[in-house]
Protein chains: 2
Amino acid sequence: MTDRIWTAALLVIGDEILSGRTQDRNVAQLATWLNVQGIRLSEVRVVADREDAIVEAVNTLRARNDYLFTTGGIGPTHDDITVDSIAAALGVPVVVHPRARAILEAYYETRGGLTDARLRMARVPQGGELIENRMSGAPGIHIANIFVMAGVPHIAAAMLDSLTGTMEGGRPVVSGTLGCWVGESEVAGMLGEVERAHDGVAIGSYPFFREGRTGANFVVRATDPAVVDACLADLTDRLRTAGHDPVAGGI
Amino acid sequence: MTDRIWTAALLVIGDEILSGRTQDRNVAQLATWLNVQGIRLSEVRVVADREDAIVEAVNTLRARNDYLFTTGGIGPTHDDITVDSIAAALGVPVVVHPRARAILEAYYETRGGLTDARLRMARVPQGGELIENRMSGAPGIHIANIFVMAGVPHIAAAMLDSLTGTMEGGRPVVSGTLGCWVGESEVAGMLGEVERAHDGVAIGSYPFFREGRTGANFVVRATDPAVVDACLADLTDRLRTAGHDPVAGGI
């Protein structure tokens with residue numbers, strides 16, 4: 001059986017990442033969440049707060065992936081241009097979403113009221129639906145195959161929570177890890193042979209240097225848990241035969 | 001005086017970032033280093049260990065930026081395909097660089113000798129020069145406007161060290177920060193006005209929620225320190241006039 005592979009791309013929108021001011025957390029967070037949904041993160045782009053850059057990336061990435069996620073640029077300030085840029089990419093106008101407006105009115109009722117700036121956060125590309133979140137008043141947006149999320153990681157996490165289980169995916173990728181106190185260059189040939197011997201498996205090699213010693217973790221990934229187990233067993237045998245002492249689960 | 005703006009892109013190559021296994025550190029590290037060189041990080045892409053994806057990204061990014069940096073995929077194992085992919089993008093063959101071979105021979109003399117797998121790390125696209133580093137035997141590569149670096153952040157840092165001061169750039173972007181215990185949506189209009197009133201300035205707004213209170217840091221960026229100072233003074237005045245209490249340097 002050949003599974004259909006579902007893919008997603010992530011577009012990170014924000015000068016704060018490109019200036020080095022903010023360390024991105026959304027790539028790893030989204031990747032981990034997607035794995036559980038059976039969707040593979042195939043590529044990521046980070047662009048500045050510039051409409052032309054956002055439009056180009058949105059149109060490229062949404063066309064060649066099942067899903068496109070964006071993070072950042074949906075707040076109330078002048079540099080928050082994600083909604084307008086996605087509307088431009090889709091060729092639709094921006095409208096105020098009635099339910100988003102109601103959510104914001106309720107949220108700001110005891111917080112100084114709904115100003116023009118705050119009302120910006122109720123704007124969606126025409127046809128967009130809301131991704132509600134329990135952390136803040138401002139919702140994310142779902143339109144076509146695009147999911148527009150906040151840049152602040154814990155708000156993005158709350159939006160992912162509300163999407164959990166709602167998206168079609170394939171079989172989740174499962175993985176298993178072997179650690180070994182060996183330089184990866186000593187076993188590079190072996191890793192390639194083992195990967196080729198097991199269909200549908202990808203082996204990643206992650207070297208490290210700790211306590212004055214060289215080691216590596218080898219991560220075996222596939223959609224079939226039995227294939228992962230067989231590959232790990234094979235790699236364990238070969239490492240032992242070569243005089244090494246692999247550690248199940250990694251070091 | 002209008003400065004020429006020098007730009008760089010970063011291509012992060014690696015399944016480990018896209019799987020969520022590894023938290024990227026190279027984007028923030030490179031961005032910070034580039035700022036000091038007077039070069040702006042204009043875009044970042046993260047692609048899988050697949051030659052077609054790497055070739056496409058390399059050719060797009062190198063054409064529209066002064067510089068292209070890559071991280072990842074230059075180790076000794078089967079999944080390290082960066083050198084071959086960049087050679088393919090440039091249409092040149094891969095050759096063993098004599099000096100890289102000599103460096104690796106010396107490095108591995110007391111570490112089991114130079115095997116075929118290790119010799120992979122001496123391969124460069126024809127015409128490539130080495131970026132030496134004090135942390136490991138394997139050098140990075142400079143070819144055309146491309147700088148090929150390790151994925152491990154402290155080795156990438158050592159490669160950047162050896163490039164410091166060697167690259168042509170413009171005036172560094174300088175920045176100043178004001179913090180304020182205010183919801184950014186309350187001052188969104190003001191921020192836009194202040195940005196428009198000062199040529200060459202970009203103001204970023206970074207909200208936070210701490211100790212049960214809402215606040216934001218406003219980061220003013222420009223190449224001229226006097227412009228940054230004037231803009232910060234203006235923003236300070238307007239925040240005070242509106243009844244807020246800005247904190248120089250940020251909160």
# chains A, B, ... in the order shown; residues from 1 in each chain; ligands from 1

$ residues_around --residues "Pro125 of chain A" --least-positions-apart "2" --cutoff "9 Å" --atoms "only C-alpha atoms" --output "PyMOL selection string"
chain A and resi 83-84+86-88+90+92-97+123+127-128+141+143

$ select_by_dssp --residues "segment 83-139 of chain B" --states "alpha helix (DSSP H)" --output "number ranges by chain"
B: 83-90, 98-108, 116-119

$ write_last_selection --atoms "C-alpha atoms" --output "PDB file, in the first residue's frame"
ATOM      1  CA  VAL B  83      27.666  20.312  -2.014  1.00  0.00           C
ATOM      2  CA  ASP B  84      26.289  18.202  -4.872  1.00  0.00           C
ATOM      3  CA  SER B  85      23.102  20.270  -4.987  1.00  0.00           C
ATOM      4  CA  ILE B  86      24.922  23.600  -5.112  1.00  0.00           C
ATOM      5  CA  ALA B  87      27.218  22.288  -7.832  1.00  0.00           C
ATOM      6  CA  ALA B  88      24.113  21.245  -9.759  1.00  0.00           C
ATOM      7  CA  ALA B  89      22.575  24.692  -9.257  1.00  0.00           C
ATOM      8  CA  LEU B  90      25.748  26.329 -10.594  1.00  0.00           C
ATOM      9  CA  PRO B  98      43.418  19.833  -2.125  1.00  0.00           C
ATOM     10  CA  ARG B  99      43.644  22.092   0.913  1.00  0.00           C
ATOM     11  CA  ALA B 100      40.413  20.701   2.402  1.00  0.00           C
ATOM     12  CA  ARG B 101      41.857  17.213   1.943  1.00  0.00           C
ATOM     13  CA  ALA B 102      45.047  18.270   3.719  1.00  0.00           C
ATOM     14  CA  ILE B 103      43.076  19.815   6.595  1.00  0.00           C
ATOM     15  CA  LEU B 104      41.014  16.654   7.010  1.00  0.00           C
ATOM     16  CA  GLU B 105      44.098  14.410   6.801  1.00  0.00           C
ATOM     17  CA  ALA B 106      45.718  16.384   9.594  1.00  0.00           C
ATOM     18  CA  TYR B 107      42.527  16.468  11.662  1.00  0.00           C
ATOM     19  CA  TYR B 108      41.876  12.718  11.370  1.00  0.00           C
ATOM     20  CA  ASP B 116      36.035   7.639   2.101  1.00  0.00           C
ATOM     21  CA  ALA B 117      33.119   9.001   4.127  1.00  0.00           C
ATOM     22  CA  ARG B 118      35.311  11.661   5.717  1.00  0.00           C
ATOM     23  CA  LEU B 119      36.825  12.558   2.362  1.00  0.00           C
TER      24      LEU B 119
END

$ closest_residue --among "B:Val55, B:Leu235, B:Ala31, B:Met135" --to "chain A" --atoms "only C-alpha atoms"
B:Ala31

$ closest_atom_pairs --of "chain A" --to "chain B" --cutoff "7 Å" --atoms "only C-alpha atoms" --output "JSON lines"
{"residue": "A:Ile17", "atom": "CA", "partner": "B:Ala28", "partner_atom": "CA", "distance": 6.9}
{"residue": "A:Leu18", "atom": "CA", "partner": "B:Leu41", "partner_atom": "CA", "distance": 5.7}
{"residue": "A:Ser19", "atom": "CA", "partner": "B:Ala31", "partner_atom": "CA", "distance": 5.5}
{"residue": "A:Gly20", "atom": "CA", "partner": "B:Ala28", "partner_atom": "CA", "distance": 4.3}
{"residue": "A:Gln23", "atom": "CA", "partner": "B:Ala28", "partner_atom": "CA", "distance": 5.9}
{"residue": "A:Ala28", "atom": "CA", "partner": "B:Gly20", "partner_atom": "CA", "distance": 4.3}
{"residue": "A:Gln29", "atom": "CA", "partner": "B:Gly20", "partner_atom": "CA", "distance": 6.9}
{"residue": "A:Ala31", "atom": "CA", "partner": "B:Gly20", "partner_atom": "CA", "distance": 4.8}
{"residue": "A:Thr32", "atom": "CA", "partner": "B:Gly20", "partner_atom": "CA", "distance": 5.2}
{"residue": "A:Leu41", "atom": "CA", "partner": "B:Leu18", "partner_atom": "CA", "distance": 5.7}
{"residue": "A:Ser42", "atom": "CA", "partner": "B:Ala48", "partner_atom": "CA", "distance": 6.7}
{"residue": "A:Glu43", "atom": "CA", "partner": "B:Val47", "partner_atom": "CA", "distance": 5.0}
{"residue": "A:Val44", "atom": "CA", "partner": "B:Val46", "partner_atom": "CA", "distance": 4.8}
{"residue": "A:Arg45", "atom": "CA", "partner": "B:Arg45", "partner_atom": "CA", "distance": 4.3}
{"residue": "A:Val46", "atom": "CA", "partner": "B:Val44", "partner_atom": "CA", "distance": 4.8}
{"residue": "A:Val47", "atom": "CA", "partner": "B:Glu43", "partner_atom": "CA", "distance": 5.0}
{"residue": "A:Ala48", "atom": "CA", "partner": "B:Ser42", "partner_atom": "CA", "distance": 6.7}
{"residue": "A:Pro76", "atom": "CA", "partner": "B:Ser185", "partner_atom": "CA", "distance": 5.3}
{"residue": "A:Thr77", "atom": "CA", "partner": "B:Ala188", "partner_atom": "CA", "distance": 4.7}
{"residue": "A:His78", "atom": "CA", "partner": "B:Gly192", "partner_atom": "CA", "distance": 5.4}
{"residue": "A:Asp79", "atom": "CA", "partner": "B:Gly204", "partner_atom": "CA", "distance": 6.9}
{"residue": "A:Ala117", "atom": "CA", "partner": "B:Ser185", "partner_atom": "CA", "distance": 5.7}
{"residue": "A:Arg118", "atom": "CA", "partner": "B:Ser185", "partner_atom": "CA", "distance": 5.6}
{"residue": "A:Ser185", "atom": "CA", "partner": "B:Pro76", "partner_atom": "CA", "distance": 5.3}
{"residue": "A:Ala188", "atom": "CA", "partner": "B:Thr77", "partner_atom": "CA", "distance": 4.7}
{"residue": "A:Gly189", "atom": "CA", "partner": "B:Ala117", "partner_atom": "CA", "distance": 6.8}
{"residue": "A:Gly192", "atom": "CA", "partner": "B:His78", "partner_atom": "CA", "distance": 5.4}
{"residue": "A:Gly204", "atom": "CA", "partner": "B:Asp79", "partner_atom": "CA", "distance": 6.9}

$ closest_residue --among "B:Ile251, B:Ile54, B:Thr166, B:Val228" --to "Phe209 of chain B" --atoms "only C-alpha atoms"
B:Ile251

$ closest_residue --among "B:Ser162, B:Ser175, B:Thr82, B:Arg64" --to "Val148 of chain B" --atoms "only C-alpha atoms"
B:Thr82

$ atom_distance --atom1 "atom CA of Asp245 of chain A" --atom2 "atom CA of Ala122 of chain B"
28.6 Å

$ atom_distance --atom1 "atom CA of Ile74 of chain B" --atom2 "atom CA of Leu61 of chain A"
26.5 Å

$ atom_distance --atom1 "atom CA of Gly151 of chain B" --atom2 "atom CA of Phe69 of chain B"
11.2 Å

$ residues_around --residues "Arg62 of chain A" --least-positions-apart "4" --cutoff "8 Å" --atoms "only C-alpha atoms" --output "number ranges by chain"
A: 9, 58, 66-68, 145-146

$ closest_residue --among "A:Ala230, A:Val247, A:Ile131, A:Ala216" --to "Val182 of chain A" --atoms "only C-alpha atoms"
A:Ala216
